[in-house]
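First comes the structure, then the notes that go with it.
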Amino acid sequence: AISSRFEPFSNRDKTLVVQFTVKHEQNIDCGGGYVKLFPDSLNQEDMHGDSEYNIMFGPDICGPGTKKVHVIFNYKGKNVLINKDIRCKDDEFTHLYTLVVRPDNTYEVKIDNGRVESGSLEEDWDMLPPRKIKDPQARKPDDWDERAKIDDPEDTKPEDWDKPEHIPDPDAKKPEDWDEEMDGEWEPPVIQNPEYKGEWRPRQIDNPDYKGKWVHPEIDNPEYSPDPHLYAYDSFGVIGLDLWQVKSGTIFDNFLITDDEKLAEEIGNETWGVTKVRGGRGQ
Ligand SMILES: *[C@@H]1O[C@H](CO)[C@@H](O)[C@H](O)[C@H]1NC(C)=O
């Protein structure tokens with residue numbers, strides 16, 4: 001765990017951009033590569049996994065199953081994860097991670113200066129209760145018929161339907177040397193009856209009373225009220241790395257917090273962009 005303090009600010013009415021580069025030079029198998037942005041009130045000496053943060057952002061890798069970019073917002077004391085899957089980079093090269101949060105409650109996630117996800121905070125995080133809920137008053141009527149097909153009442157089982165499944169093999173013969181006294185009474189082996197038709201089932205017809213699948217009507221959720229300030233925090237004051245890794249050796253660099261998206265892109269070009277080109281293979 002390591003952290004750094006800066007002049008505290010609020011992102012109210014402003015765009016917030018958080019950007020950094022991360023390089024898993026050790027070929028990481030399991031470990032975090034994200035940053036946390038804390039309120040000014042954080043006691044840095046006591047920073048740990050449960051310290052309350054505003055935003056957690058960046059890659060997280062564990063085995064083949066977890067290779068994702070976390071974007072977590074603290075909303076009214078709860079850490080709320082994005083409900084979309086953003087895949088992170090899992091190679092040994094330097095990558096640039098950028099989170100943009102705008103005062104119109106939209107966001108964008110970029111990797112290597114290219115957009116990988118974007119949308120609205122309200123839709124992609126369950127910070128607010130849902131707008132609509134199932135009407136608790138509505139009930140499926142008892143006579144609502146959801147069966148598309150029914151047994152044909154006209155259809156009856158043919159009289160000659162029932163036949164045994166197995167019959168004695170008519171071609172089997174008692175062996176010449178069969179000794180009833182020694183071997184007991186001879187019985188022919190049984191075979192599958194070619195006339196056996198299985199269990200009889202009536203033909204299926206369209207159900208004349210079929211009403212389709214019942215859809216529970218929805219109503220406006222009385223618990224829901226919009227929050228135009230989902231994006232806003234009163235205070236940011238500390239950026240920290242609070243990580244757990246199986247193999248150490250990750251290189252973090254080029255931390256940037258700004259309200260200027262274009263500047264972030266430029267600095268991304270000048271830092272990550274340059275090392276990418278110089279190394280030839282994205283070193
Ligand atoms: C960053 O680099 C890309 C690729 O060279 C370029 O298209 C883009 O305009 C650059 N962005 C800025 C803000 O300079």
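Residues are named by chain letter and number: chains run A, B, ... in the order of the structure tokens, numbers start at 1 in each chain, and ligands are numbered from 1 in the order shown.
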
Using only C-alpha atoms and all ligand atoms, find each residue of chain A with at least one atom at most 7 Å away from an atom of ligand 1; report its shortest atom-to-atom pair and that distance in Å (one decimal), sort the rows by chain and rising residue number, and return the result as JSON lines.
```
{"residue": "A:Lys262", "atom": "CA", "partner": "ligand 1", "partner_atom_place_in_ligand_line": "13 (C)", "distance": 5.2}
{"residue": "A:Leu263", "atom": "CA", "partner": "ligand 1", "partner_atom_place_in_ligand_line": "13 (C)", "distance": 6.5}
{"residue": "A:Glu265", "atom": "CA", "partner": "ligand 1", "partner_atom_place_in_ligand_line": "13 (C)", "distance": 4.8}
{"residue": "A:Glu266", "atom": "CA", "partner": "ligand 1", "partner_atom_place_in_ligand_line": "13 (C)", "distance": 4.1}
{"residue": "A:Asn269", "atom": "CA", "partner": "ligand 1", "partner_atom_place_in_ligand_line": "1 (C)", "distance": 4.9}
```

Select from region 18-263 of chain A everything DSSP, run on the backbone, classes as alpha helix (DSSP H), then give the selection as a ChimeraX atom specification.
-> /A:121-124,180-183,261-263

Can you pull out every residue within 7 Å of Glu218 (chain A), counting only C-alpha atoms, but drop anything in the same chain fewer than 6 positions away, and send it as a list in words?
->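 So the residues in contact are Lys132, Ile133, Lys134 and Asp135 of chain A.
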
What is the CA of Gly212 (chain A)-CA of Asp151 (chain A) distance in Å, reported with one decimal?
->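 Between CA of Gly212 (chain A) and CA of Asp151 (chain A) the gap works out to 17.3 Å.
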
For Glu185 (chain A): contacts at 12 Å, only C-alpha atoms, fewer than 5 positions along chain excluded, given as a list in words |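 My reading of the contact set: Lys174, Pro175, Trp178, Asp179 and Glu180 of chain A.
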
Give me a file of those residues, with all heavy atoms, as a CSV table (one decimal), in the first residue's frame.
```csv
chain,number,residue,atom,x,y,z
A,174,LYS,N,-33.1,-74.4,-28.2
A,174,LYS,CA,-32.4,-75.1,-27.0
A,174,LYS,C,-31.2,-75.8,-27.5
A,174,LYS,O,-31.3,-76.6,-28.5
A,174,LYS,CB,-33.4,-76.0,-26.4
A,174,LYS,CG,-32.8,-76.7,-25.1
A,174,LYS,CD,-33.8,-77.2,-24.2
A,174,LYS,CE,-34.2,-78.6,-24.6
A,174,LYS,NZ,-35.1,-79.2,-23.6
A,175,PRO,N,-30.0,-75.5,-27.0
A,175,PRO,CA,-28.8,-76.3,-27.4
A,175,PRO,C,-29.0,-77.8,-27.2
A,175,PRO,O,-29.7,-78.2,-26.3
A,175,PRO,CB,-27.7,-75.7,-26.5
A,175,PRO,CG,-28.3,-74.5,-25.9
A,175,PRO,CD,-29.7,-74.6,-25.8
A,178,TRP,N,-28.2,-79.4,-23.9
A,178,TRP,CA,-28.8,-78.9,-22.7
A,178,TRP,C,-29.4,-80.0,-21.9
A,178,TRP,O,-30.1,-80.9,-22.3
A,178,TRP,CB,-30.0,-77.9,-23.1
A,178,TRP,CG,-30.5,-77.1,-21.9
A,178,TRP,CD1,-31.4,-77.5,-21.1
A,178,TRP,CD2,-30.1,-75.9,-21.5
A,178,TRP,NE1,-31.7,-76.6,-20.1
A,178,TRP,CE2,-30.8,-75.5,-20.4
A,178,TRP,CE3,-29.1,-74.9,-22.0
A,178,TRP,CZ2,-30.6,-74.3,-19.7
A,178,TRP,CZ3,-29.0,-73.8,-21.3
A,178,TRP,CH2,-29.7,-73.4,-20.2
A,179,ASP,N,-29.0,-80.0,-20.6
A,179,ASP,CA,-29.4,-81.1,-19.7
A,179,ASP,C,-30.3,-80.5,-18.6
A,179,ASP,O,-29.8,-79.7,-17.8
A,179,ASP,CB,-28.1,-81.7,-19.1
A,179,ASP,CG,-28.5,-82.8,-18.1
A,179,ASP,OD1,-29.6,-82.9,-17.7
A,179,ASP,OD2,-27.5,-83.6,-17.8
A,180,GLU,N,-31.6,-80.7,-18.7
A,180,GLU,CA,-32.6,-80.1,-17.8
A,180,GLU,C,-32.2,-80.4,-16.4
A,180,GLU,O,-32.4,-79.5,-15.5
A,180,GLU,CB,-34.0,-80.6,-18.1
A,180,GLU,CG,-34.5,-80.4,-19.5
A,180,GLU,CD,-35.6,-79.3,-19.6
A,180,GLU,OE1,-36.5,-79.3,-18.8
A,180,GLU,OE2,-35.4,-78.3,-20.4
```

Within 8 Å of region 106-117 of chain A, counting only C-alpha atoms, which residues qualify if same-chain residues fewer than 5 places away don't, as number ranges by chain?
-> A: 86, 95-101, 265, 268-269, 272-273

Which of region 162-224 of chain A DSSP labels strand (DSSP E), written as a PyMOL selection string | chain A and resi 166-168+190-192+204-206+218-220

Can I get the selected residues back with C-alpha atoms, as a compact mmCIF listing (two decimals), in the first residue's frame?
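Below is the file that was written, again25.txt:
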```txt
# COMPACT_ATOMS: atom_id res chain seq x y z
CA HIS A 166 -39.16 -57.52 -24.65
CA ILE A 167 -40.13 -60.91 -26.07
CA PRO A 168 -38.46 -64.30 -26.09
CA VAL A 190 -35.23 -62.15 -24.64
CA ILE A 191 -34.92 -59.61 -27.43
CA GLN A 192 -36.36 -56.15 -28.08
CA GLN A 204 -50.80 -32.26 -29.42
CA ILE A 205 -53.07 -29.53 -30.74
CA ASP A 206 -53.13 -25.75 -30.39
CA GLU A 218 -44.88 -2.72 -13.97
CA ILE A 219 -45.38 0.50 -12.08
CA ASP A 220 -43.13 3.43 -11.23
```
